[in-house]
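Q: For reference, the file my_file-v9.tsv (TSV, C-alpha atoms) is included below:
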chain	number	residue	atom	x	y	z
A	1	MET	CA	72.81	117.41	106.74
A	2	LYS	CA	73.67	118.09	110.40
A	3	PHE	CA	72.29	121.02	112.36
A	4	LEU	CA	73.92	122.28	115.55
A	5	ILE	CA	72.10	124.33	118.20
A	6	VAL	CA	74.43	126.22	120.53
A	7	ILE	CA	72.98	127.60	123.77
A	8	PRO	CA	75.35	130.15	125.37
A	9	ALA	CA	74.55	130.38	129.08
A	10	LEU	CA	75.82	132.65	131.84
A	11	ASN	CA	74.17	132.03	135.22
A	12	GLU	CA	70.89	130.84	133.74
A	13	GLU	CA	69.99	128.23	136.39
A	14	GLN	CA	66.37	129.39	136.38
A	15	ALA	CA	65.91	128.82	132.64
A	16	ILE	CA	68.52	126.33	131.39
A	17	ARG	CA	66.57	123.14	132.15
A	18	ALA	CA	63.50	124.35	130.30
A	19	ILE	CA	65.38	125.50	127.19
A	20	ILE	CA	67.36	122.23	126.98
A	21	GLU	CA	64.16	120.19	127.19
A	22	ARG	CA	62.45	122.40	124.61
A	23	CYS	CA	65.39	121.96	122.22
A	24	LEU	CA	65.39	118.18	122.74
A	25	ALA	CA	61.66	118.09	122.06
A	26	ALA	CA	62.06	120.23	118.93
A	27	ALA	CA	64.89	118.12	117.45
A	28	PRO	CA	62.75	115.32	115.92
A	29	LEU	CA	60.34	117.87	114.46
A	30	ILE	CA	63.25	119.78	112.91
A	31	VAL	CA	64.43	116.55	111.26
A	32	GLU	CA	60.89	115.75	110.10
A	33	LYS	CA	60.06	119.15	108.60
A	34	THR	CA	63.41	120.36	107.18
A	35	PRO	CA	66.24	118.97	104.99
A	36	VAL	CA	68.20	118.34	108.21
A	37	ASP	CA	68.72	114.68	109.11
A	38	GLU	CA	70.49	115.13	112.46
A	39	VAL	CA	70.27	117.73	115.24
A	40	ARG	CA	72.99	118.22	117.84
A	41	ILE	CA	72.67	120.43	120.94
A	42	THR	CA	75.59	122.07	122.75
A	43	VAL	CA	75.35	124.13	125.93
A	44	VAL	CA	78.30	126.44	126.58
A	45	SER	CA	78.49	127.55	130.21
A	46	ASP	CA	80.29	130.88	129.82
A	47	GLY	CA	81.92	131.08	133.25
A	48	SER	CA	78.67	130.46	135.14
A	49	SER	CA	79.02	130.59	138.94
A	50	ASP	CA	75.56	129.15	139.72
A	51	ARG	CA	74.06	125.71	139.03
A	52	THR	CA	73.81	126.20	135.25
A	53	PRO	CA	76.54	123.67	134.32
A	54	ALA	CA	75.33	121.18	136.94
A	55	ILE	CA	71.81	121.24	135.53
A	56	ALA	CA	73.08	120.92	131.96
A	57	MET	CA	75.26	117.96	133.02
A	58	GLU	CA	72.11	116.02	133.85
A	59	TYR	CA	71.46	115.84	130.09
A	60	ALA	CA	75.01	114.80	129.15
A	61	ASP	CA	73.75	111.60	127.53
A	62	ARG	CA	71.79	113.65	124.97
A	63	ILE	CA	73.67	116.95	124.64
A	64	LYS	CA	77.24	118.26	124.75
A	65	LEU	CA	78.28	120.56	127.60
A	66	ILE	CA	81.28	122.88	127.32
A	67	ARG	CA	82.19	124.73	130.49
A	68	TYR	CA	85.00	126.98	131.67
A	69	GLU	CA	85.55	128.99	134.83
A	70	LYS	CA	86.20	132.52	133.56
A	71	ASN	CA	83.62	134.42	131.51
A	72	ARG	CA	84.80	134.91	127.91
A	73	GLY	CA	81.76	136.59	126.38
A	74	TYR	CA	78.54	135.75	124.56
A	75	GLY	CA	80.13	135.66	121.11
A	76	ALA	CA	83.11	133.63	122.33
A	77	ALA	CA	80.75	130.99	123.74
A	78	ILE	CA	78.89	130.64	120.43
A	79	LYS	CA	82.09	130.45	118.37
A	80	LEU	CA	83.55	127.86	120.75
A	81	GLY	CA	80.42	125.71	120.46
A	82	TRP	CA	80.58	125.90	116.68
A	83	SER	CA	84.27	124.95	116.66
A	84	TYR	CA	83.52	121.61	118.37
A	85	SER	CA	81.12	120.51	115.63
A	86	ASP	CA	81.27	119.58	111.96
A	87	ALA	CA	77.61	120.44	111.30
A	88	GLU	CA	76.85	122.06	107.93
A	89	LEU	CA	74.20	124.32	109.49
A	90	MET	CA	74.75	126.04	112.81
A	91	GLY	CA	72.32	127.95	114.94
A	92	PHE	CA	72.11	129.46	118.37
A	93	LEU	CA	69.46	130.81	120.69
A	94	ASP	CA	69.50	132.52	124.04
A	95	ALA	CA	69.21	130.40	127.18
A	96	ASP	CA	66.72	132.73	128.87
A	97	GLY	CA	63.57	131.19	127.40
A	98	THR	CA	62.71	134.11	125.12
A	99	CYS	CA	63.10	132.11	121.89
A	100	ASP	CA	61.13	129.06	120.74
A	101	PRO	CA	63.40	126.26	119.37
A	102	LEU	CA	60.59	125.15	117.03
A	103	PHE	CA	61.15	128.36	115.09
A	104	PHE	CA	64.38	126.81	113.80
A	105	ILE	CA	62.15	124.86	111.40
A	106	GLU	CA	61.12	128.05	109.61
A	107	LEU	CA	64.62	129.51	109.71
A	108	ILE	CA	66.24	126.38	108.24
A	109	ASN	CA	63.64	126.07	105.49
A	110	LYS	CA	64.10	129.72	104.54
A	111	LEU	CA	67.89	129.42	104.53
A	112	THR	CA	67.95	126.27	102.40
A	113	GLY	CA	65.01	127.24	100.20
A	114	ASP	CA	66.27	130.74	99.37
A	115	GLY	CA	69.97	129.85	99.20
A	116	LEU	CA	70.88	132.16	102.08
A	117	ASP	CA	74.05	132.26	104.16
A	118	VAL	CA	72.49	133.72	107.29
A	119	VAL	CA	68.87	133.89	108.39
A	120	LEU	CA	67.76	135.51	111.61
A	121	GLY	CA	64.56	135.79	113.58
A	122	SER	CA	63.29	139.33	114.06
A	123	ARG	CA	62.06	139.95	117.60
A	124	LEU	CA	60.29	143.18	116.70
A	125	SER	CA	56.92	141.81	115.59
A	126	ALA	CA	53.72	143.37	116.91
A	127	ASP	CA	53.26	140.72	119.62
A	128	SER	CA	56.89	140.77	120.81
A	129	ARG	CA	57.43	140.99	124.58
A	130	MET	CA	60.71	142.86	124.22
A	131	PRO	CA	61.09	145.81	126.65
A	132	ALA	CA	60.45	149.21	125.06
A	133	VAL	CA	63.98	150.56	125.63
A	134	ARG	CA	65.62	147.57	123.94
A	135	ARG	CA	63.07	147.69	121.12
A	136	ILE	CA	63.94	151.33	120.39
A	137	GLY	CA	67.67	150.62	120.60
A	138	ASN	CA	67.45	147.68	118.21
A	139	ARG	CA	65.46	149.79	115.75
A	140	ILE	CA	68.18	152.45	115.83
A	141	PHE	CA	70.98	149.92	115.26
A	142	ALA	CA	69.07	148.34	112.38
A	143	GLU	CA	68.45	151.72	110.73
A	144	VAL	CA	72.16	152.62	111.01
A	145	ILE	CA	73.06	149.36	109.25
A	146	ASN	CA	70.33	149.84	106.65
A	147	PHE	CA	71.59	153.34	105.83
A	148	ILE	CA	75.19	152.24	105.51
A	149	ALA	CA	74.49	149.06	103.56
A	150	ASN	CA	71.40	150.15	101.63
A	151	ALA	CA	69.65	147.05	102.99
A	152	ARG	CA	66.51	146.24	104.96
A	153	ILE	CA	66.75	144.34	108.23
A	154	SER	CA	64.71	145.12	111.33
A	155	ASP	CA	66.57	143.34	114.16
A	156	SER	CA	70.35	143.33	113.81
A	157	ALA	CA	70.96	141.95	117.33
A	158	SER	CA	68.62	138.95	117.19
A	159	GLY	CA	69.73	136.11	119.47
A	160	MET	CA	68.28	133.35	117.28
A	161	ARG	CA	69.63	132.62	113.82
A	162	VAL	CA	70.97	129.92	111.48
A	163	VAL	CA	74.29	130.17	109.61
A	164	ARG	CA	76.00	128.00	107.00
A	165	ARG	CA	79.38	126.70	108.11
A	166	ALA	CA	80.72	127.43	104.62
A	167	SER	CA	79.96	131.14	105.16
A	168	LEU	CA	81.99	131.52	108.35
A	169	GLU	CA	85.18	132.24	106.41
A	170	ARG	CA	83.64	135.48	105.16
A	171	LEU	CA	81.87	136.32	108.43
A	172	TYR	CA	84.90	135.89	110.69
A	173	PRO	CA	86.46	137.53	112.61
A	174	LEU	CA	83.56	138.35	114.94
A	175	PRO	CA	83.78	139.85	118.45
A	176	ASP	CA	83.54	137.85	121.67
A	177	GLY	CA	81.01	140.01	123.50
A	178	LEU	CA	77.29	140.68	123.24
A	179	HIS	CA	77.99	142.74	120.11
A	180	PHE	CA	78.66	139.44	118.29
A	181	THR	CA	75.16	139.49	116.77
A	182	PRO	CA	75.04	143.05	115.35
A	183	ALA	CA	78.58	142.55	114.03
A	184	MET	CA	77.48	139.42	112.15
A	185	SER	CA	74.40	141.17	110.76
A	186	CYS	CA	76.47	144.14	109.64
A	187	LYS	CA	79.07	141.98	107.90
A	188	ALA	CA	76.40	139.87	106.21
A	189	VAL	CA	74.59	142.86	104.67
A	190	LEU	CA	77.81	144.65	103.68
A	191	ASP	CA	79.51	141.70	101.98
A	192	PRO	CA	78.02	141.23	98.48
A	193	GLN	CA	79.04	137.58	98.48
A	194	LEU	CA	76.81	136.84	101.48
A	195	LYS	CA	73.02	136.61	101.47
A	196	ILE	CA	71.04	137.35	104.61
A	197	GLY	CA	67.35	136.81	105.31
A	198	GLU	CA	65.01	137.63	108.16
A	199	MET	CA	61.71	136.30	109.50
A	200	PRO	CA	59.45	137.65	112.27
A	201	MET	CA	59.57	135.36	115.29
A	202	PRO	CA	57.70	135.04	118.59
A	203	TYR	CA	59.60	136.54	121.50
A	204	ALA	CA	58.66	135.99	125.15
A	205	GLU	CA	59.71	137.63	128.39
A	206	ARG	CA	63.01	136.30	129.67
A	207	VAL	CA	63.39	134.11	132.74
A	208	GLY	CA	65.78	135.63	135.28
A	209	GLU	CA	67.82	138.82	135.12
A	210	SER	CA	69.19	140.22	131.86
A	211	LYS	CA	72.97	140.46	131.45
A	212	LEU	CA	72.67	143.28	128.91
A	213	SER	CA	73.30	146.92	129.85
A	214	ALA	CA	71.25	149.18	127.60
A	215	LEU	CA	73.80	152.04	127.68
A	216	ARG	CA	77.15	150.22	127.85
A	217	ASP	CA	76.28	147.45	125.42
A	218	GLY	CA	74.32	149.85	123.22
A	219	LEU	CA	77.42	152.01	122.74
A	220	ARG	CA	79.47	148.87	122.08
A	221	PHE	CA	76.94	147.74	119.46
A	222	LEU	CA	77.08	151.13	117.73
A	223	ARG	CA	80.88	151.17	117.76
A	224	ILE	CA	81.24	147.73	116.18
A	225	ILE	CA	78.64	148.60	113.53
A	226	LEU	CA	80.57	151.75	112.58
A	227	ASP	CA	83.90	149.88	112.64
A	228	ILE	CA	82.60	147.27	110.21
A	229	ALA	CA	80.89	149.91	108.08
A	230	ILE	CA	84.15	151.82	107.69
A	231	THR	CA	85.89	148.57	106.75
A	232	TYR	CA	83.36	147.59	104.06
A	233	ARG	CA	81.69	150.86	102.99
A	234	PRO	CA	83.95	153.76	104.02
A	235	PHE	CA	82.46	156.16	101.48
A	236	ARG	CA	78.98	155.73	102.94
A	237	VAL	CA	80.33	156.87	106.32
A	238	PHE	CA	82.95	159.46	105.41
A	239	GLY	CA	81.15	160.68	102.30
A	240	SER	CA	77.93	161.29	104.24
A	241	LEU	CA	79.80	163.07	107.04
A	242	GLY	CA	81.73	165.19	104.56
A	243	LEU	CA	78.55	166.24	102.75
A	244	LEU	CA	76.92	167.00	106.09
A	245	LEU	CA	79.73	169.46	106.86
A	246	LEU	CA	79.58	170.98	103.37
A	247	LEU	CA	75.82	171.63	103.42
A	248	PRO	CA	76.07	174.66	105.77
A	249	LEU	CA	78.32	176.29	103.15
A	250	LEU	CA	75.24	176.77	100.99
A	251	TYR	CA	73.68	178.85	103.75
A	252	PHE	CA	76.78	180.77	104.84
A	253	GLY	CA	78.08	181.21	101.31
A	254	ALA	CA	74.76	182.39	99.88
A	255	GLY	CA	74.40	185.05	102.54
A	256	LEU	CA	77.97	186.23	102.02
A	257	LEU	CA	77.60	186.45	98.23
A	258	LEU	CA	74.29	188.30	98.45
A	259	THR	CA	75.78	190.83	100.84
A	260	TYR	CA	78.79	191.37	98.59
A	261	TRP	CA	76.55	191.62	95.50
A	262	HIS	CA	74.41	194.37	97.02
A	263	THR	CA	77.07	196.36	98.91
A	264	GLY	CA	80.30	195.57	97.07
A	265	ARG	CA	82.08	194.67	100.31
A	266	VAL	CA	82.18	192.10	103.09
A	267	PRO	CA	81.18	193.66	106.45
A	268	GLU	CA	83.57	193.27	109.38
A	269	GLY	CA	80.86	191.44	111.30
A	270	MET	CA	80.94	188.60	108.79
A	271	ILE	CA	84.41	187.45	109.83
A	272	TYR	CA	82.91	184.54	111.76
A	273	ARG	CA	80.86	183.51	108.75
A	274	VAL	CA	84.01	183.50	106.61
A	275	LEU	CA	85.87	181.48	109.23
A	276	ALA	CA	83.01	178.97	109.29
A	277	ILE	CA	83.18	178.64	105.50
A	278	VAL	CA	86.94	178.01	105.60
A	279	VAL	CA	86.82	175.49	108.46
A	280	LEU	CA	83.72	173.59	107.32
A	281	GLY	CA	84.82	173.62	103.71
A	282	PHE	CA	88.29	172.32	104.46
A	283	ALA	CA	87.07	169.66	106.92
A	284	GLY	CA	84.17	168.57	104.71
A	285	LEU	CA	86.28	168.17	101.59
A	286	LEU	CA	89.03	166.40	103.53
A	287	ILE	CA	86.63	163.85	105.05
A	288	PHE	CA	84.83	163.38	101.72
A	289	GLY	CA	88.16	162.78	99.98
A	290	VAL	CA	89.26	160.29	102.64
A	291	GLY	CA	86.04	158.39	102.00
A	292	MET	CA	86.70	158.25	98.26
A	293	VAL	CA	90.27	157.02	98.68
A	294	ALA	CA	89.32	154.53	101.40
A	295	GLU	CA	86.61	153.08	99.15
A	296	ARG	CA	89.18	152.47	96.44
A	297	VAL	CA	91.54	150.83	98.95
A	298	VAL	CA	88.73	148.45	99.93
A	299	ASP	CA	88.23	147.74	96.22
A	300	LEU	CA	91.86	146.60	96.10
A	301	LYS	CA	91.05	144.00	98.76
A	302	ASN	CA	87.83	142.81	97.09
A	303	PRO	CA	88.07	143.83	93.40
A	304	TRP	CA	85.06	143.78	91.08
A	305	ILE	CA	82.58	142.32	93.57
A	306	ARG	CA	81.30	145.45	95.30
A	307	PRO	CA	78.55	147.28	93.44
A	308	HIS	CA	78.61	151.05	93.88
A	309	ARG	CA	75.75	153.51	93.76
A	310	ALA	CA	75.38	155.98	90.90
A	311	PHE	CA	76.48	158.97	93.02
A	312	TYR	CA	79.76	157.32	93.97
A	313	ARG	CA	80.43	156.24	90.39
A	314	ALA	CA	79.84	159.79	89.14
A	315	VAL	CA	82.12	161.33	91.77
A	316	TYR	CA	84.74	158.66	91.13
A	317	ARG	CA	84.81	159.36	87.40
A	318	LEU	CA	85.22	163.06	88.12
A	319	THR	CA	87.95	162.73	90.74
A	320	GLN	CA	90.19	160.43	88.70
A	321	SER	CA	89.87	162.40	85.47
A	322	ASP	CA	92.11	165.08	83.99
A	323	ALA	CA	89.26	167.53	84.61
A	324	MET	CA	89.82	167.32	88.37
A	325	LEU	CA	93.49	168.24	88.00
A	326	ALA	CA	92.46	171.08	85.70
A	327	VAL	CA	89.97	172.35	88.30
A	328	ALA	CA	92.67	172.14	90.97
A	329	GLY	CA	94.95	174.21	88.74
A	330	VAL	CA	92.29	176.86	88.11
A	331	VAL	CA	91.49	177.14	91.83
A	332	PHE	CA	95.20	177.46	92.61
A	333	LEU	CA	95.57	180.27	90.06
A	334	ALA	CA	92.55	181.99	91.59
A	335	SER	CA	94.20	181.84	95.01
A	336	LEU	CA	97.36	183.40	93.55
A	337	ALA	CA	95.39	186.13	91.79
A	338	LEU	CA	93.71	187.09	95.05
A	339	VAL	CA	96.93	187.24	97.05
A	340	LEU	CA	99.50	188.62	94.54
A	341	LYS	CA	98.61	192.28	94.98
A	342	PRO	CA	98.42	192.14	98.82
A	343	ALA	CA	101.72	190.23	98.85
A	344	ALA	CA	103.39	192.84	96.65
A	345	GLN	CA	102.03	195.62	98.87
A	346	TYR	CA	103.47	193.94	101.93
A	347	LEU	CA	106.88	193.46	100.30
A	348	TRP	CA	107.10	197.11	99.20
A	349	THR	CA	105.41	198.92	102.09
A	350	GLY	CA	105.30	196.45	104.96
A	351	ARG	CA	101.51	196.83	105.07
A	352	ILE	CA	98.51	195.15	103.45
A	353	ALA	CA	95.75	197.41	102.20
A	354	ALA	CA	93.53	194.60	100.94
A	355	HIS	CA	90.48	193.58	102.94
A	356	TRP	CA	91.00	190.59	105.25
A	357	SER	CA	88.28	188.63	103.45
A	358	GLN	CA	90.36	188.66	100.25
A	359	VAL	CA	93.31	187.02	102.02
A	360	ALA	CA	91.01	184.50	103.75
A	361	LEU	CA	89.40	183.56	100.44
A	362	SER	CA	92.82	183.15	98.85
A	363	GLY	CA	93.89	180.80	101.63
A	364	PHE	CA	90.71	178.77	101.26
A	365	PHE	CA	91.22	178.44	97.51
A	366	PHE	CA	94.82	177.35	98.05
A	367	LEU	CA	93.83	174.61	100.51
A	368	LEU	CA	91.03	173.55	98.18
A	369	SER	CA	93.39	173.26	95.21
A	370	VAL	CA	95.84	171.12	97.21
A	371	GLN	CA	93.03	168.80	98.34
A	372	LEU	CA	91.64	168.40	94.84
A	373	ALA	CA	95.06	167.71	93.34
A	374	LEU	CA	95.93	165.13	96.00
A	375	LEU	CA	92.55	163.41	95.67
A	376	ALA	CA	92.83	163.21	91.88
A	377	SER	CA	96.40	161.88	92.09
A	378	LEU	CA	95.54	159.21	94.66
A	379	GLN	CA	92.48	158.13	92.70
A	380	ARG	CA	94.50	157.75	89.51
A	381	MET	CA	97.16	155.75	91.36
A	382	LEU	CA	94.57	153.39	92.87
A	383	THR	CA	92.82	153.00	89.53
A	384	THR	CA	96.14	151.94	88.00
A	385	LEU	CA	96.69	149.38	90.76
A	386	LEU	CA	93.17	147.98	90.33
A	387	ALA	CA	93.70	147.60	86.59
A	388	ALA	CA	97.06	145.87	86.98
A	389	GLU	CA	96.01	142.37	85.86
A	390	PRO	CA	99.03	140.81	84.12
A	391	SER	CA	97.01	138.21	82.21
A	392	GLY	CA	94.75	140.80	80.62
A	393	ARG	CA	91.71	138.97	81.96
A	394	ASP	CA	89.24	141.20	83.72
A	395	PRO	CA	86.54	139.60	85.91
A	396	ARG	CA	84.38	142.70	85.45
A	397	HIS	CA	83.70	141.61	81.86
A	398	ASP	CA	81.93	138.58	80.44
A	399	PRO	CA	84.18	135.51	80.08
A	400	GLU	CA	85.93	135.22	76.73
A	401	GLN	CA	84.73	132.66	74.20
A	402	ILE	CA	87.59	130.63	72.71
A	403	PHE	CA	87.26	128.46	69.62
A	404	GLY	CA	89.62	126.24	67.64
A	405	LYS	CA	92.65	124.20	68.55
A	406	ASP	CA	95.79	125.48	70.27
Could you write out this structure as structure tokens?

A:
Amino acid sequence: MKFLIVIPALNEEQAIRAIIERCLAAAPLIVEKTPVDEVRITVVSDGSSDRTPAIAMEYADRIKLIRYEKNRGYGAAIKLGWSYSDAELMGFLDADGTCDPLFFIELINKLTGDGLDVVLGSRLSADSRMPAVRRIGNRIFAEVINFIANARISDSASGMRVVRRASLERLYPLPDGLHFTPAMSCKAVLDPQLKIGEMPMPYAERVGESKLSALRDGLRFLRIILDIAITYRPFRVFGSLGLLLLLPLLYFGAGLLLTYWHTGRVPEGMIYRVLAIVVLGFAGLLIFGVGMVAERVVDLKNPWIRPHRAFYRAVYRLTQSDAMLAVAGVVFLASLALVLKPAAQYLWTGRIAAHWSQVALSGFFFLLSVQLALLASLQRMLTTLLAAEPSGRDPRHDPEQIFGKD
């Protein structure tokens, strides 16, 4: 079994010699203590303008050097290094001296022993020398991924990990920039056909100046995490946002109902509360419904392999049932009942004597009924498409047992 170590390097002349020599020294120990029988090392000079490629060239009899003039990005360098190898296991580590190549021994043994597709080293152990700002940022990114994927990883942007070549088909495409690592972590935890593991690793202070911008690259990390989350788990994103908008309705609506219960009317001063109910209710239900439909669309791409949580399954059963269409019909009739008398008054007299809150509530009920009807119809359509298996064989069920002769 071959193992490839890729070292992406951008202007790392102060550290590149040391990390190459450490990797060369670690190679025989990796072979001795893991199932690997051959270790290859590739340095990718990602548009370096200093002596990085010249120093790496001194080791050309023992390593491979890939260089190009224009910077393509951290992720592009790693992917390019992988593409020039046929190794079954592929790893990478930063060229700045923060990672110990000997730790590949533990990563490889965990990956092969536990049957994992990706295993990464967590830099957030108690003795880590990571700067405080980056430590906090990495914690935030990891928690965002954990919430979306219902998983537990602590360092989504780790720059040292091992990956099976056979798993790249499901991991790709991955971005070219520094957000390559959080994108890989996010895909690995969101795809149920991939298994990811993590181990605490030693992490030293870097040699030379960091290329990472905490604000610019942090925002890029967050964006790619959300992009992948929407692609794999849209309901976790849109459903949570929709519920977040609907929660204030409990507060605004309760106050409005209590006032009406005690006084028999809605005070003029509550117009803003009513407007908030209409806007938040419409937006919240719309976003929640988009999440439900998007989740079913993703199911069309990857049918029967994506386990859903109990809350989603309950909402799904409700939204694709006849009961949802019935509820939409009842709400629509309620909106008509509230507006029929004011509409008749306007047609006969040119004026509306009804209180403005009655018309506003009618409009809200009408919009709600349309949303519910559309959501139920789309859910039923997608359910029909998901069930359209011409052979009658359904991978969700146990395989059939067949006896006798044809």

Q: Rounded to one decimal, what separation in Å do you get between atom CA of Gln345 of chain A and atom CA of Arg273 of chain A?

A: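 Between atom CA of Gln345 of chain A and atom CA of Arg273 of chain A the gap works out to 26.3 Å.
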
Q: Would you mind telling me which residue in A:Asp227, A:Asp94, A:Asp100, A:Asp114 lies nearest to Leu178 of chain A when using only C-alpha atoms?

A: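 Ranked by minimum distance to Leu178 of chain A, first place goes to A:Asp94.
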
Q: In Å, how far is it from atom CA of Pro200 of chain A to atom CA of Ser156 of chain A?

A: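 The value is 12.4 Å.
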
Q: Quote the spacing between atom CA of Glu21 of chain A and atom CA of Ser48 of chain A in Å to one decimal place.

A: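 We find that atom CA of Glu21 of chain A and atom CA of Ser48 of chain A lie 19.5 Å from each other.
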
Q: Tell me which protein, DNA and RNA residues are within 6 Å of segment 326-338 of chain A, counting all atoms listed in the file, leaving out same-chain ones fewer than 6 positions away, and put them as a PyMOL selection string.

A: chain A and resi 362+365-366+369+372-373

Q: Those selected residues, please, written with C-alpha atoms and delivered as a PDB file, in the frame of the given file.

A:
ATOM      1  CA  SER A 362      92.820 183.150  98.850  1.00  0.00           C
ATOM      2  CA  PHE A 365      91.220 178.440  97.510  1.00  0.00           C
ATOM      3  CA  PHE A 366      94.820 177.350  98.050  1.00  0.00           C
ATOM      4  CA  SER A 369      93.390 173.260  95.210  1.00  0.00           C
ATOM      5  CA  LEU A 372      91.640 168.400  94.840  1.00  0.00           C
ATOM      6  CA  ALA A 373      95.060 167.710  93.340  1.00  0.00           C
TER       7      ALA A 373
END
